[in-house]
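Dropping work_26.txt in here (compact mmCIF, C-alpha atoms):
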# COMPACT_ATOMS: atom_id res chain seq x y z
CA MET A 26 13.48 3.47 6.34
CA PRO A 27 15.49 1.46 8.75
CA PRO A 28 14.29 -0.88 11.47
CA PRO A 29 13.44 0.39 14.96
CA GLN A 30 16.30 1.55 17.18
CA ARG A 31 16.39 2.45 20.85
CA ARG A 32 18.39 5.03 22.78
CA PRO A 33 19.96 4.63 26.21
CA GLY A 34 18.35 6.30 29.23
CA GLY A 35 17.29 5.86 32.89
CA ARG A 36 15.22 3.15 34.54
CA THR A 37 11.94 4.13 32.87
CA ALA A 38 13.72 4.24 29.52
CA ARG A 39 15.27 0.85 30.26
CA ILE A 40 11.92 -0.73 31.02
CA ARG A 41 10.48 0.79 27.88
CA ARG A 42 13.38 -0.62 25.88
CA GLN A 43 12.87 -4.10 27.37
CA VAL A 44 9.15 -4.04 26.68
CA LEU A 45 9.47 -2.74 23.12
CA ASP A 46 12.20 -5.27 22.35
CA ALA A 47 9.84 -7.95 23.67
CA VAL A 48 7.07 -6.66 21.38
CA LEU A 49 9.40 -6.90 18.38
CA ALA A 50 10.53 -10.41 19.36
CA GLU A 51 6.95 -11.60 19.90
CA LEU A 52 5.84 -10.01 16.65
CA ALA A 53 8.70 -11.71 14.81
CA GLU A 54 7.86 -15.10 16.33
CA ARG A 55 4.07 -15.06 16.37
CA GLY A 56 2.85 -12.16 14.24
CA TYR A 57 0.07 -9.80 15.24
CA ASP A 58 -2.45 -12.56 15.97
CA GLY A 59 -0.20 -14.13 18.58
CA LEU A 60 0.76 -10.86 20.26
CA THR A 61 -0.53 -10.49 23.85
CA VAL A 62 0.27 -8.14 26.71
CA GLU A 63 0.91 -11.18 28.93
CA ALA A 64 3.54 -12.68 26.61
CA VAL A 65 5.23 -9.30 26.14
CA ALA A 66 5.39 -8.71 29.91
CA ALA A 67 6.74 -12.22 30.55
CA ARG A 68 9.42 -11.89 27.89
CA ALA A 69 10.42 -8.42 29.07
CA GLY A 70 10.54 -9.61 32.69
CA VAL A 71 8.23 -6.87 33.93
CA HIS A 72 4.89 -6.94 35.72
CA ARG A 73 1.86 -7.39 33.52
CA ALA A 74 0.24 -4.53 35.46
CA THR A 75 3.10 -2.24 34.47
CA VAL A 76 2.49 -2.94 30.82
CA TYR A 77 -1.27 -2.47 31.09
CA ARG A 78 -0.84 0.77 33.05
CA ARG A 79 1.65 2.31 30.68
CA TRP A 80 0.63 0.94 27.26
CA GLY A 81 -2.98 -0.11 27.73
CA ASP A 82 -3.11 -2.90 25.14
CA VAL A 83 -1.45 -4.40 22.09
CA GLY A 84 -2.36 -1.36 20.01
CA GLY A 85 -0.62 0.90 22.51
CA LEU A 86 2.47 -1.31 22.47
CA LEU A 87 2.66 -1.30 18.68
CA ALA A 88 2.14 2.46 18.56
CA ASP A 89 5.05 2.93 20.97
CA VAL A 90 7.27 0.62 18.91
CA LEU A 91 6.54 2.79 15.89
CA ASP A 92 7.10 6.02 17.81
CA ALA A 93 10.40 4.65 19.13
CA ALA A 94 11.39 3.72 15.57
CA GLY A 95 11.14 7.36 14.59
CA ASP A 96 13.23 8.49 17.55
CA ASP A 97 16.57 8.05 15.84
CA ALA A 98 19.15 9.99 13.87
CA TRP A 99 18.30 8.48 10.49
CA GLN A 100 19.05 10.66 7.51
CA PRO A 101 18.38 9.95 3.84
CA PRO A 102 21.20 8.93 1.48
CA ASP A 103 23.48 11.68 0.22
CA THR A 104 25.32 10.37 -2.84
CA GLY A 105 25.64 13.60 -4.83
CA SER A 106 22.89 12.92 -7.35
CA LEU A 107 19.10 12.91 -7.11
CA GLN A 108 18.59 9.64 -8.94
CA ALA A 109 21.21 7.78 -6.91
CA ASP A 110 19.83 9.20 -3.64
CA LEU A 111 16.33 8.04 -4.58
CA ALA A 112 17.59 4.62 -5.66
CA ALA A 113 19.48 4.17 -2.38
CA LEU A 114 16.38 5.25 -0.46
CA ASN A 115 14.26 2.76 -2.40
CA ARG A 116 16.75 -0.02 -1.66
CA GLU A 117 16.48 0.78 2.07
CA ILE A 118 12.69 0.61 1.80
CA ARG A 119 12.83 -2.64 -0.18
CA ASP A 120 15.24 -4.17 2.36
CA ALA A 121 13.04 -3.11 5.28
CA LEU A 122 9.89 -4.47 3.65
CA THR A 123 11.45 -7.81 2.74
CA ALA A 124 13.57 -8.34 5.89
CA GLN A 125 13.28 -11.60 7.83
CA PRO A 126 11.70 -11.73 10.32
CA PRO A 127 9.20 -9.39 8.66
CA ILE A 128 8.95 -6.78 11.42
CA VAL A 129 8.23 -3.77 9.24
CA ALA A 130 5.69 -5.73 7.19
CA ALA A 131 4.02 -6.92 10.42
CA LEU A 132 3.83 -3.34 11.72
CA ILE A 133 2.22 -2.18 8.49
CA ALA A 134 -0.24 -5.09 8.66
CA ALA A 135 -0.96 -4.17 12.30
CA SER A 136 -1.83 -0.64 11.20
CA PHE A 137 -4.92 -2.17 9.53
CA ARG A 138 -5.99 -3.68 12.86
CA SER A 139 -5.33 -1.03 15.48
CA GLU A 140 -6.21 2.62 15.19
CA GLN A 141 -3.39 3.55 17.58
CA ALA A 142 -0.88 1.64 15.46
CA GLU A 143 -2.32 3.28 12.33
CA HIS A 144 -1.78 6.77 13.74
CA ALA A 145 1.73 5.92 14.88
CA GLN A 146 2.58 4.43 11.47
CA ARG A 147 1.34 7.63 9.83
CA ARG A 148 3.47 9.75 12.18
CA LEU A 149 6.51 7.62 11.34
CA TRP A 150 6.03 7.94 7.59
CA GLU A 151 5.33 11.68 7.88
CA ASP A 152 8.59 12.09 9.79
CA ARG A 153 10.58 9.97 7.31
CA TYR A 154 9.22 11.80 4.28
CA ALA A 155 9.90 15.15 5.98
CA ARG A 156 13.53 14.14 6.57
CA CYS A 157 13.82 13.02 2.94
CA GLU A 158 12.86 16.44 1.62
CA ARG A 159 16.50 17.49 1.89
CA VAL A 160 17.27 15.05 -0.95
CA VAL A 161 15.18 17.29 -3.18
CA THR A 162 16.45 20.55 -1.69
CA ARG A 163 20.03 19.47 -2.40
CA ALA A 164 19.14 18.52 -5.98
CA VAL A 165 17.60 21.96 -6.52
CA GLN A 166 20.73 23.59 -5.05
CA ARG A 167 22.94 21.54 -7.38
CA GLY A 168 20.86 22.73 -10.33
CA GLU A 169 19.58 19.22 -11.08
CA LEU A 170 15.98 20.25 -10.56
CA PRO A 171 13.91 23.34 -11.28
CA PRO A 172 13.27 25.61 -8.27
CA HIS A 173 9.79 25.31 -6.72
CA THR A 174 9.87 21.54 -7.10
CA ASN A 175 7.32 19.97 -4.73
CA ALA A 176 9.60 17.71 -2.70
CA ARG A 177 6.87 15.60 -1.13
CA ARG A 178 5.17 14.76 -4.41
CA LEU A 179 8.48 13.82 -5.95
CA LEU A 180 9.34 11.58 -2.99
CA ILE A 181 5.94 9.88 -3.04
CA ALA A 182 6.24 9.25 -6.78
CA ALA A 183 9.73 7.82 -6.34
CA THR A 184 8.93 5.48 -3.45
CA ALA A 185 5.27 4.52 -4.03
CA PRO A 186 5.98 1.79 -6.61
CA VAL A 187 8.22 -0.06 -4.12
CA TYR A 188 5.56 0.00 -1.41
CA HIS A 189 2.80 -0.80 -3.90
CA GLN A 190 4.56 -3.85 -5.28
CA LEU A 191 5.82 -5.24 -1.99
CA VAL A 192 3.00 -4.38 0.43
CA LEU A 193 -0.14 -4.48 -1.71
CA LEU A 194 0.44 -6.25 -5.04
CA ARG A 195 2.86 -8.75 -3.45
CA THR A 196 4.11 -9.73 -6.88
CA PRO A 197 7.47 -11.53 -7.05
CA PRO A 198 10.04 -8.85 -6.19
CA ASP A 199 11.51 -7.12 -9.23
CA PRO A 200 15.20 -6.57 -8.41
CA ASP A 201 15.36 -3.52 -10.68
CA LEU A 202 12.37 -1.79 -9.11
CA PRO A 203 14.25 0.48 -6.65
CA GLU A 204 16.44 1.89 -9.44
CA GLN A 205 13.62 1.90 -11.99
CA ALA A 206 11.27 3.87 -9.74
CA ALA A 207 14.06 6.30 -8.84
CA ARG A 208 14.94 6.85 -12.48
CA THR A 209 11.32 7.41 -13.47
CA ALA A 210 10.84 10.02 -10.75
CA ALA A 211 14.14 11.74 -11.58
CA ILE A 212 13.28 11.94 -15.29
CA ALA A 213 9.83 13.33 -14.54
CA ALA A 214 11.27 15.78 -11.99
CA ALA A 215 13.90 17.09 -14.39
CA ALA A 216 11.12 17.59 -16.94
CA GLY A 217 9.28 19.76 -14.41
CA ALA A 218 6.54 17.29 -13.42
CA PHE A 219 6.67 18.40 -9.79
CA THR A 220 7.18 22.14 -10.19
CA GLU A 221 4.55 24.44 -8.81
CA PRO A 222 2.64 25.83 -10.54
CA PRO A 223 2.80 22.99 -13.08
CA PRO A 224 4.57 23.80 -16.35
CA ASP A 225 1.44 23.11 -18.39
CA GLY A 226 -2.26 23.06 -17.56
CA ASP A 227 -3.77 19.85 -16.18
CA THR A 228 -7.08 18.63 -17.44
CA MET B 22 -11.10 -1.05 -10.09
CA PRO B 23 -14.79 -0.66 -9.82
CA PRO B 24 -16.81 -2.25 -7.03
CA PRO B 25 -17.84 -5.90 -7.18
CA GLN B 26 -20.55 -6.87 -9.66
CA ARG B 27 -22.52 -10.07 -10.07
CA ARG B 28 -23.88 -11.83 -13.16
CA PRO B 29 -27.19 -13.66 -13.50
CA GLY B 30 -27.25 -17.48 -13.57
CA GLY B 31 -28.99 -20.62 -12.26
CA ARG B 32 -29.88 -21.64 -8.71
CA THR B 33 -26.27 -22.22 -7.62
CA ALA B 34 -25.31 -18.86 -9.09
CA ARG B 35 -28.28 -17.26 -7.33
CA ILE B 36 -27.26 -18.65 -3.95
CA ARG B 37 -23.70 -17.50 -4.55
CA ARG B 38 -24.99 -14.04 -5.39
CA GLN B 39 -27.12 -13.91 -2.23
CA VAL B 40 -24.23 -15.06 -0.07
CA LEU B 41 -21.67 -12.71 -1.60
CA ASP B 42 -24.08 -9.78 -1.35
CA ALA B 43 -24.53 -10.69 2.31
CA VAL B 44 -20.75 -10.70 2.79
CA LEU B 45 -20.52 -7.20 1.30
CA ALA B 46 -23.41 -5.94 3.43
CA GLU B 47 -21.92 -7.43 6.62
CA LEU B 48 -18.49 -6.07 5.75
CA ALA B 49 -19.97 -2.63 5.17
CA GLU B 50 -21.87 -2.70 8.47
CA ARG B 51 -19.41 -4.43 10.76
CA GLY B 52 -16.02 -4.58 9.07
CA TYR B 53 -13.79 -7.63 9.01
CA ASP B 54 -13.81 -8.09 12.78
CA GLY B 55 -17.59 -8.44 12.87
CA LEU B 56 -17.81 -10.77 9.86
CA THR B 57 -19.01 -14.30 10.69
CA VAL B 58 -20.25 -17.22 8.61
CA GLU B 59 -23.38 -17.33 10.80
CA ALA B 60 -24.32 -13.70 10.16
CA VAL B 61 -23.66 -14.06 6.42
CA ALA B 62 -25.83 -17.21 6.22
CA ALA B 63 -28.64 -15.57 8.18
CA ARG B 64 -28.61 -12.44 6.05
CA ALA B 65 -28.46 -14.45 2.81
CA GLY B 66 -31.30 -16.69 3.99
CA VAL B 67 -29.35 -19.91 3.38
CA HIS B 68 -28.31 -22.75 5.65
CA ARG B 69 -25.16 -22.18 7.66
CA ALA B 70 -24.03 -25.66 6.60
CA THR B 71 -24.29 -24.63 2.94
CA VAL B 72 -21.96 -21.72 3.55
CA TYR B 73 -19.46 -23.82 5.52
CA ARG B 74 -19.51 -26.57 2.88
CA ARG B 75 -19.00 -24.28 -0.07
CA TRP B 76 -16.83 -21.46 1.32
CA GLY B 77 -15.23 -22.97 4.41
CA ASP B 78 -14.77 -19.79 6.44
CA VAL B 79 -14.64 -16.02 6.33
CA GLY B 80 -11.40 -16.12 4.30
CA GLY B 81 -13.10 -18.28 1.68
CA LEU B 82 -16.06 -15.92 1.53
CA LEU B 83 -13.84 -12.88 1.06
CA ALA B 84 -11.77 -14.65 -1.58
CA ASP B 85 -14.94 -15.45 -3.52
CA VAL B 86 -16.13 -11.84 -3.25
CA LEU B 87 -12.83 -10.76 -4.78
CA ASP B 88 -12.97 -13.43 -7.49
CA ALA B 89 -16.52 -12.39 -8.32
CA ALA B 90 -15.39 -8.76 -8.51
CA GLY B 91 -13.00 -9.72 -11.30
CA ASP B 92 -15.71 -11.60 -13.20
CA ASP B 93 -17.01 -8.57 -15.07
CA ALA B 94 -16.62 -6.74 -18.36
CA TRP B 95 -14.64 -3.82 -16.94
CA GLN B 96 -12.32 -2.11 -19.39
CA PRO B 97 -9.93 0.77 -18.74
CA PRO B 98 -10.78 4.30 -19.89
CA ASP B 99 -10.28 5.11 -23.59
CA THR B 100 -10.14 8.87 -23.97
CA GLY B 101 -7.72 9.15 -26.87
CA SER B 102 -4.66 10.21 -24.87
CA LEU B 103 -2.35 8.35 -22.51
CA GLN B 104 -2.33 10.99 -19.80
CA ALA B 105 -6.12 11.37 -19.79
CA ASP B 106 -6.59 7.57 -19.75
CA LEU B 107 -4.26 7.27 -16.75
CA ALA B 108 -5.92 10.17 -14.97
CA ALA B 109 -9.38 8.63 -15.49
CA LEU B 110 -8.06 5.29 -14.23
CA ASN B 111 -6.59 6.97 -11.16
CA ARG B 112 -9.89 8.71 -10.46
CA GLU B 113 -11.65 5.32 -10.59
CA ILE B 114 -9.11 3.92 -8.14
CA ARG B 115 -9.41 6.96 -5.87
CA ASP B 116 -13.22 6.72 -5.93
CA ALA B 117 -13.13 2.99 -5.13
CA LEU B 118 -10.67 3.48 -2.27
CA THR B 119 -12.60 6.35 -0.71
CA ALA B 120 -16.15 5.04 -1.30
CA GLN B 121 -18.60 4.83 1.60
CA PRO B 122 -19.16 2.24 2.92
CA PRO B 123 -15.47 1.41 2.47
CA ILE B 124 -15.89 -2.01 0.83
CA VAL B 125 -12.72 -1.94 -1.28
CA ALA B 126 -10.67 -0.60 1.62
CA ALA B 127 -12.12 -3.34 3.87
CA LEU B 128 -11.21 -6.02 1.32
CA ILE B 129 -7.64 -4.72 1.12
CA ALA B 130 -7.44 -4.67 4.91
CA ALA B 131 -8.81 -8.24 4.97
CA SER B 132 -5.99 -9.31 2.65
CA PHE B 133 -3.63 -8.70 5.60
CA ARG B 134 -5.67 -11.12 7.73
CA SER B 135 -6.55 -14.04 5.50
CA GLU B 136 -4.18 -15.81 3.13
CA GLN B 137 -7.08 -16.83 0.88
CA ALA B 138 -8.24 -13.22 0.66
CA GLU B 139 -4.66 -12.13 -0.03
CA HIS B 140 -4.34 -14.52 -2.96
CA ALA B 141 -7.71 -13.47 -4.35
CA GLN B 142 -6.80 -9.78 -4.00
CA ARG B 143 -3.57 -10.47 -5.91
CA ARG B 144 -5.48 -12.29 -8.67
CA LEU B 145 -7.88 -9.34 -8.94
CA TRP B 146 -5.08 -6.77 -9.22
CA GLU B 147 -3.18 -8.93 -11.70
CA ASP B 148 -6.30 -9.17 -13.87
CA ARG B 149 -7.00 -5.43 -13.65
CA TYR B 150 -3.43 -4.45 -14.52
CA ALA B 151 -3.43 -6.96 -17.41
CA ARG B 152 -6.61 -5.37 -18.80
CA CYS B 153 -5.06 -1.90 -18.42
CA GLU B 154 -2.11 -2.79 -20.63
CA ARG B 155 -4.18 -1.85 -23.66
CA VAL B 156 -4.01 1.78 -22.48
CA VAL B 157 -0.28 1.62 -23.15
CA THR B 158 -0.59 -0.41 -26.35
CA ARG B 159 -2.97 2.19 -27.77
CA ALA B 160 -0.59 5.02 -26.81
CA VAL B 161 2.26 3.26 -28.61
CA GLN B 162 0.04 2.78 -31.69
CA ARG B 163 -0.87 6.48 -31.64
CA GLY B 164 2.83 7.33 -31.56
CA GLU B 165 2.58 8.89 -28.09
CA LEU B 166 5.08 6.43 -26.63
CA PRO B 167 8.23 4.70 -27.85
CA PRO B 168 7.79 1.08 -28.94
CA HIS B 169 8.95 -1.53 -26.43
CA THR B 170 7.49 0.46 -23.56
CA ASN B 171 6.99 -1.83 -20.55
CA ALA B 172 3.25 -1.43 -20.01
CA ARG B 173 3.12 -2.94 -16.54
CA ARG B 174 5.87 -0.75 -15.12
CA LEU B 175 4.27 2.34 -16.56
CA LEU B 176 0.89 1.37 -15.09
CA ILE B 177 2.39 0.66 -11.67
CA ALA B 178 4.24 4.00 -11.69
CA ALA B 179 1.04 5.83 -12.69
CA THR B 180 -1.26 4.23 -10.11
CA ALA B 181 1.06 3.48 -7.15
CA PRO B 182 0.99 7.02 -5.68
CA VAL B 183 -2.82 6.88 -5.39
CA TYR B 184 -2.73 3.54 -3.55
CA HIS B 185 0.24 4.63 -1.45
CA GLN B 186 -1.39 7.83 -0.29
CA LEU B 187 -4.88 6.43 0.33
CA VAL B 188 -4.15 2.90 1.61
CA LEU B 189 -0.82 3.24 3.43
CA LEU B 190 0.07 6.88 4.16
CA ARG B 191 -3.59 7.79 4.75
CA THR B 192 -2.72 11.47 4.46
CA PRO B 193 -5.60 13.87 3.78
CA PRO B 194 -6.63 13.17 0.17
CA ASP B 195 -4.94 15.43 -2.36
CA PRO B 196 -7.62 16.17 -4.98
CA ASP B 197 -4.97 16.68 -7.68
CA LEU B 198 -3.22 13.38 -7.05
CA PRO B 199 -4.96 11.28 -9.76
CA GLU B 200 -4.04 13.82 -12.46
CA GLN B 201 -0.62 14.56 -10.97
CA ALA B 202 0.40 10.89 -10.86
CA ALA B 203 -0.91 10.35 -14.39
CA ARG B 204 1.01 13.35 -15.69
CA THR B 205 4.23 12.28 -13.99
CA ALA B 206 4.02 8.80 -15.49
CA ALA B 207 3.13 10.15 -18.94
CA ILE B 208 6.08 12.59 -18.90
CA ALA B 209 8.48 9.87 -17.80
CA ALA B 210 7.06 7.43 -20.36
CA ALA B 211 7.40 9.90 -23.23
CA ALA B 212 11.02 10.44 -22.16
CA GLY B 213 11.61 6.69 -22.49
CA ALA B 214 11.68 5.80 -18.78
CA PHE B 215 9.84 2.53 -19.39
CA THR B 216 11.42 1.41 -22.65
CA GLU B 217 13.28 -1.87 -22.72
CA PRO B 218 16.20 -2.00 -22.76
CA PRO B 219 16.43 1.31 -20.88
CA PRO B 220 17.70 4.30 -22.90
CA ASP B 221 20.67 4.84 -20.59
CA GLY B 222 22.54 2.60 -18.16
CA ASP B 223 21.25 2.27 -14.63
CA THR B 224 23.64 2.33 -11.72
Is it possible to express this structure as structure tokens?
Amino acid sequence: MPPPQRRPGGRTARIRRQVLDAVLAELAERGYDGLTVEAVAARAGVHRATVYRRWGDVGGLLADVLDAAGDDAWQPPDTGSLQADLAALNREIRDALTAQPPIVAALIAASFRSEQAEHAQRRLWEDRYARCERVVTRAVQRGELPPHTNARRLLIAATAPVYHQLVLLRTPPDPDLPEQAARTAAIAAAAGAFTEPPPDGDT
Amino acid sequence: MPPPQRRPGGRTARIRRQVLDAVLAELAERGYDGLTVEAVAARAGVHRATVYRRWGDVGGLLADVLDAAGDDAWQPPDTGSLQADLAALNREIRDALTAQPPIVAALIAASFRSEQAEHAQRRLWEDRYARCERVVTRAVQRGELPPHTNARRLLIAATAPVYHQLVLLRTPPDPDLPEQAARTAAIAAAAGAFTEPPPDGDT
């Protein structure tokens, strides 16, 4: 899920762009602990009062960075096969989580510090997963998957190992993980693991 | 992935126990942001200087809480079937992550703040996943799984969705998720998704 992007607009949009770019630059240089409204305003070349009035505090700034990140035309990969789509998606996630400077990782870390950032991070993920559902819809249409496959559960199963390893476990990156996790989810999906109601009773 | 436990011992061990219990109590009451060496020392009834000398700072205290949590006799579930073992494991993880007060969640959040806590959290997970490998070994011995199944990858695939949903996505808890994630991993494992070398070529 690609790094934040901005769209052109009027003066208010321009100021927002300058301020959010400054947040990203400060975050890249200093991390969350070094992030201040003063430094962001100075770097953006706008009045400190403007930043306080519009964004409130660091949490408000981070939340707006995350909201702006979702305000793009991103679409999931469309390679023609479920497994390859999921693998390409996982590679995007891996690349975002391991990018230098670690902007996405810093935003995720910030979501443990600021409730506003947490809510914005949740909105961003919700939006990304919702867009990804078409990967599953297309696979059902191609006959790769049973109808009534729960798209969200499949997508979570396919992507969770990448997040788990890189964000929480922080084990040395396994280069095969994006493909491995995609393949696992595709195998389970083809076997009906995500169909509703489930093909056999759970205990 | 049960909550921290302590073992009996001599005077040094007793002081450690008092201090670590005080860390947990402070963390439960105030969270990471309210955690101070002074408050921990006062609650434990020991000299502040003792805490500084032995643990250094809040990061050192949290790291020792995590190390102590791994110093137990915990073993993974042994129900007689792979899927039921994984489901029981996932329920333990879910219960730990959603417990009140949110000690485990606070320790994970702290691992984004303190490098010492991060390393200790990694050691704890590494130890827990290593202990869980016997779940897979037993399933191979029972003939439920192909030989040469990569235990760690299977365990990560089975548990990652629970962590992803509860720690990162923070979506409303799905009560079926522990069983669902276990079933998905078991289906994929039985189909050979975790055998090495893989049954078919990856792209």
Please report as a list in words which residues of chain B come no farther than 6 Å from chain A, using all atoms listed in the file.
Ala130, Phe133, Arg143, Ala178, Ala181, Pro182, His185, Leu190, Thr205, Ile208, Ala209 and Ala214 of chain B
Env of Arg41 of chain A: 12 Å cut, atoms = only C-alpha atoms, seq-sep filter 6 positions within chain, self excluded. Answer as an MDAnalysis selection string.
chainID A and resid 31:35 47:48 65:66 69:71 75:76 79:80 86 89:90 92:93
So what do you get for atom CA of His173 of chain A versus atom CA of Thr220 of chain A, distance-wise?
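Atom CA of His173 of chain A sits 5.4 Å away from atom CA of Thr220 of chain A.
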Do you have the atom CA of Pro203 of chain A-atom CA of Gln162 of chain B distance handy?
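For atom CA of Pro203 of chain A relative to atom CA of Gln162 of chain B, the distance reads 28.9 Å.
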One decimal, Å: what's the distance from atom CA of Asp92 of chain B over to atom CA of Leu118 of chain B, could you say?
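Answer for the atom CA of Asp92 of chain B to atom CA of Leu118 of chain B separation: 19.3 Å.
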Residues within 12 Å of (14.1, -10.5, 16.0), file coordinates, counting only C-alpha atoms: what are they? Give the list as a list in words.
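Result, sorted by chain then residue number: Pro28, Pro29, Leu45, Asp46, Ala47, Val48, Leu49, Ala50, Glu51, Leu52, Ala53, Glu54, Arg55, Gly56, Ala124, Gln125, Pro126, Pro127, Ile128 and Val129 of chain A.
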Will you model N, CA and C atoms for segment 153-177 of chain B and pass it back as a PDB file, in the frame of the given file?
ATOM      1  N   CYS B 153      -5.486  -3.296 -18.204  1.00  0.00           N
ATOM      2  CA  CYS B 153      -5.060  -1.900 -18.420  1.00  0.00           C
ATOM      3  C   CYS B 153      -3.915  -1.789 -19.430  1.00  0.00           C
ATOM      4  N   GLU B 154      -3.263  -2.908 -19.733  1.00  0.00           N
ATOM      5  CA  GLU B 154      -2.110  -2.790 -20.630  1.00  0.00           C
ATOM      6  C   GLU B 154      -2.500  -2.218 -21.987  1.00  0.00           C
ATOM      7  N   ARG B 155      -3.775  -2.393 -22.371  1.00  0.00           N
ATOM      8  CA  ARG B 155      -4.180  -1.850 -23.660  1.00  0.00           C
ATOM      9  C   ARG B 155      -4.118  -0.322 -23.699  1.00  0.00           C
ATOM     10  N   VAL B 156      -4.190   0.323 -22.541  1.00  0.00           N
ATOM     11  CA  VAL B 156      -4.010   1.780 -22.480  1.00  0.00           C
ATOM     12  C   VAL B 156      -2.634   2.151 -23.052  1.00  0.00           C
ATOM     13  N   VAL B 157      -1.641   1.357 -22.696  1.00  0.00           N
ATOM     14  CA  VAL B 157      -0.280   1.620 -23.150  1.00  0.00           C
ATOM     15  C   VAL B 157      -0.106   1.210 -24.611  1.00  0.00           C
ATOM     16  N   THR B 158      -0.672   0.052 -24.964  1.00  0.00           N
ATOM     17  CA  THR B 158      -0.590  -0.410 -26.350  1.00  0.00           C
ATOM     18  C   THR B 158      -1.178   0.637 -27.307  1.00  0.00           C
ATOM     19  N   ARG B 159      -2.332   1.176 -26.920  1.00  0.00           N
ATOM     20  CA  ARG B 159      -2.970   2.190 -27.770  1.00  0.00           C
ATOM     21  C   ARG B 159      -2.085   3.440 -27.884  1.00  0.00           C
ATOM     22  N   ALA B 160      -1.451   3.828 -26.787  1.00  0.00           N
ATOM     23  CA  ALA B 160      -0.590   5.020 -26.810  1.00  0.00           C
ATOM     24  C   ALA B 160       0.618   4.793 -27.719  1.00  0.00           C
ATOM     25  N   VAL B 161       1.151   3.576 -27.707  1.00  0.00           N
ATOM     26  CA  VAL B 161       2.260   3.260 -28.610  1.00  0.00           C
ATOM     27  C   VAL B 161       1.771   3.334 -30.055  1.00  0.00           C
ATOM     28  N   GLN B 162       0.586   2.763 -30.318  1.00  0.00           N
ATOM     29  CA  GLN B 162       0.040   2.780 -31.690  1.00  0.00           C
ATOM     30  C   GLN B 162      -0.226   4.212 -32.171  1.00  0.00           C
ATOM     31  N   ARG B 163      -0.631   5.080 -31.259  1.00  0.00           N
ATOM     32  CA  ARG B 163      -0.870   6.480 -31.640  1.00  0.00           C
ATOM     33  C   ARG B 163       0.425   7.259 -31.797  1.00  0.00           C
ATOM     34  N   GLY B 164       1.551   6.633 -31.459  1.00  0.00           N
ATOM     35  CA  GLY B 164       2.830   7.330 -31.560  1.00  0.00           C
ATOM     36  C   GLY B 164       3.132   8.215 -30.370  1.00  0.00           C
ATOM     37  N   GLU B 165       2.331   8.091 -29.301  1.00  0.00           N
ATOM     38  CA  GLU B 165       2.580   8.890 -28.090  1.00  0.00           C
ATOM     39  C   GLU B 165       3.761   8.371 -27.294  1.00  0.00           C
ATOM     40  N   LEU B 166       4.025   7.067 -27.432  1.00  0.00           N
ATOM     41  CA  LEU B 166       5.080   6.430 -26.630  1.00  0.00           C
ATOM     42  C   LEU B 166       6.034   5.680 -27.534  1.00  0.00           C
ATOM     43  N   PRO B 167       7.291   5.536 -27.086  1.00  0.00           N
ATOM     44  CA  PRO B 167       8.230   4.700 -27.850  1.00  0.00           C
ATOM     45  C   PRO B 167       7.759   3.246 -27.871  1.00  0.00           C
ATOM     46  N   PRO B 168       8.079   2.519 -28.947  1.00  0.00           N
ATOM     47  CA  PRO B 168       7.790   1.080 -28.940  1.00  0.00           C
ATOM     48  C   PRO B 168       8.597   0.426 -27.827  1.00  0.00           C
ATOM     49  N   HIS B 169       8.263  -0.804 -27.506  1.00  0.00           N
ATOM     50  CA  HIS B 169       8.950  -1.530 -26.430  1.00  0.00           C
ATOM     51  C   HIS B 169       8.839  -0.824 -25.078  1.00  0.00           C
ATOM     52  N   THR B 170       7.755  -0.089 -24.895  1.00  0.00           N
ATOM     53  CA  THR B 170       7.490   0.460 -23.560  1.00  0.00           C
ATOM     54  C   THR B 170       6.926  -0.653 -22.681  1.00  0.00           C
ATOM     55  N   ASN B 171       7.482  -0.806 -21.483  1.00  0.00           N
ATOM     56  CA  ASN B 171       6.990  -1.830 -20.550  1.00  0.00           C
ATOM     57  C   ASN B 171       5.679  -1.329 -19.930  1.00  0.00           C
ATOM     58  N   ALA B 172       4.571  -1.916 -20.405  1.00  0.00           N
ATOM     59  CA  ALA B 172       3.250  -1.430 -20.010  1.00  0.00           C
ATOM     60  C   ALA B 172       3.030  -1.564 -18.503  1.00  0.00           C
ATOM     61  N   ARG B 173       3.417  -2.701 -17.954  1.00  0.00           N
ATOM     62  CA  ARG B 173       3.120  -2.940 -16.540  1.00  0.00           C
ATOM     63  C   ARG B 173       3.841  -1.940 -15.641  1.00  0.00           C
ATOM     64  N   ARG B 174       5.121  -1.701 -15.957  1.00  0.00           N
ATOM     65  CA  ARG B 174       5.870  -0.750 -15.120  1.00  0.00           C
ATOM     66  C   ARG B 174       5.284   0.650 -15.203  1.00  0.00           C
ATOM     67  N   LEU B 175       4.885   1.019 -16.404  1.00  0.00           N
ATOM     68  CA  LEU B 175       4.270   2.340 -16.560  1.00  0.00           C
ATOM     69  C   LEU B 175       2.981   2.414 -15.736  1.00  0.00           C
ATOM     70  N   LEU B 176       2.168   1.368 -15.811  1.00  0.00           N
ATOM     71  CA  LEU B 176       0.890   1.370 -15.090  1.00  0.00           C
ATOM     72  C   LEU B 176       1.104   1.397 -13.573  1.00  0.00           C
ATOM     73  N   ILE B 177       2.096   0.658 -13.115  1.00  0.00           N
ATOM     74  CA  ILE B 177       2.390   0.660 -11.670  1.00  0.00           C
ATOM     75  C   ILE B 177       2.850   2.063 -11.247  1.00  0.00           C
TER      76      ILE B 177
END
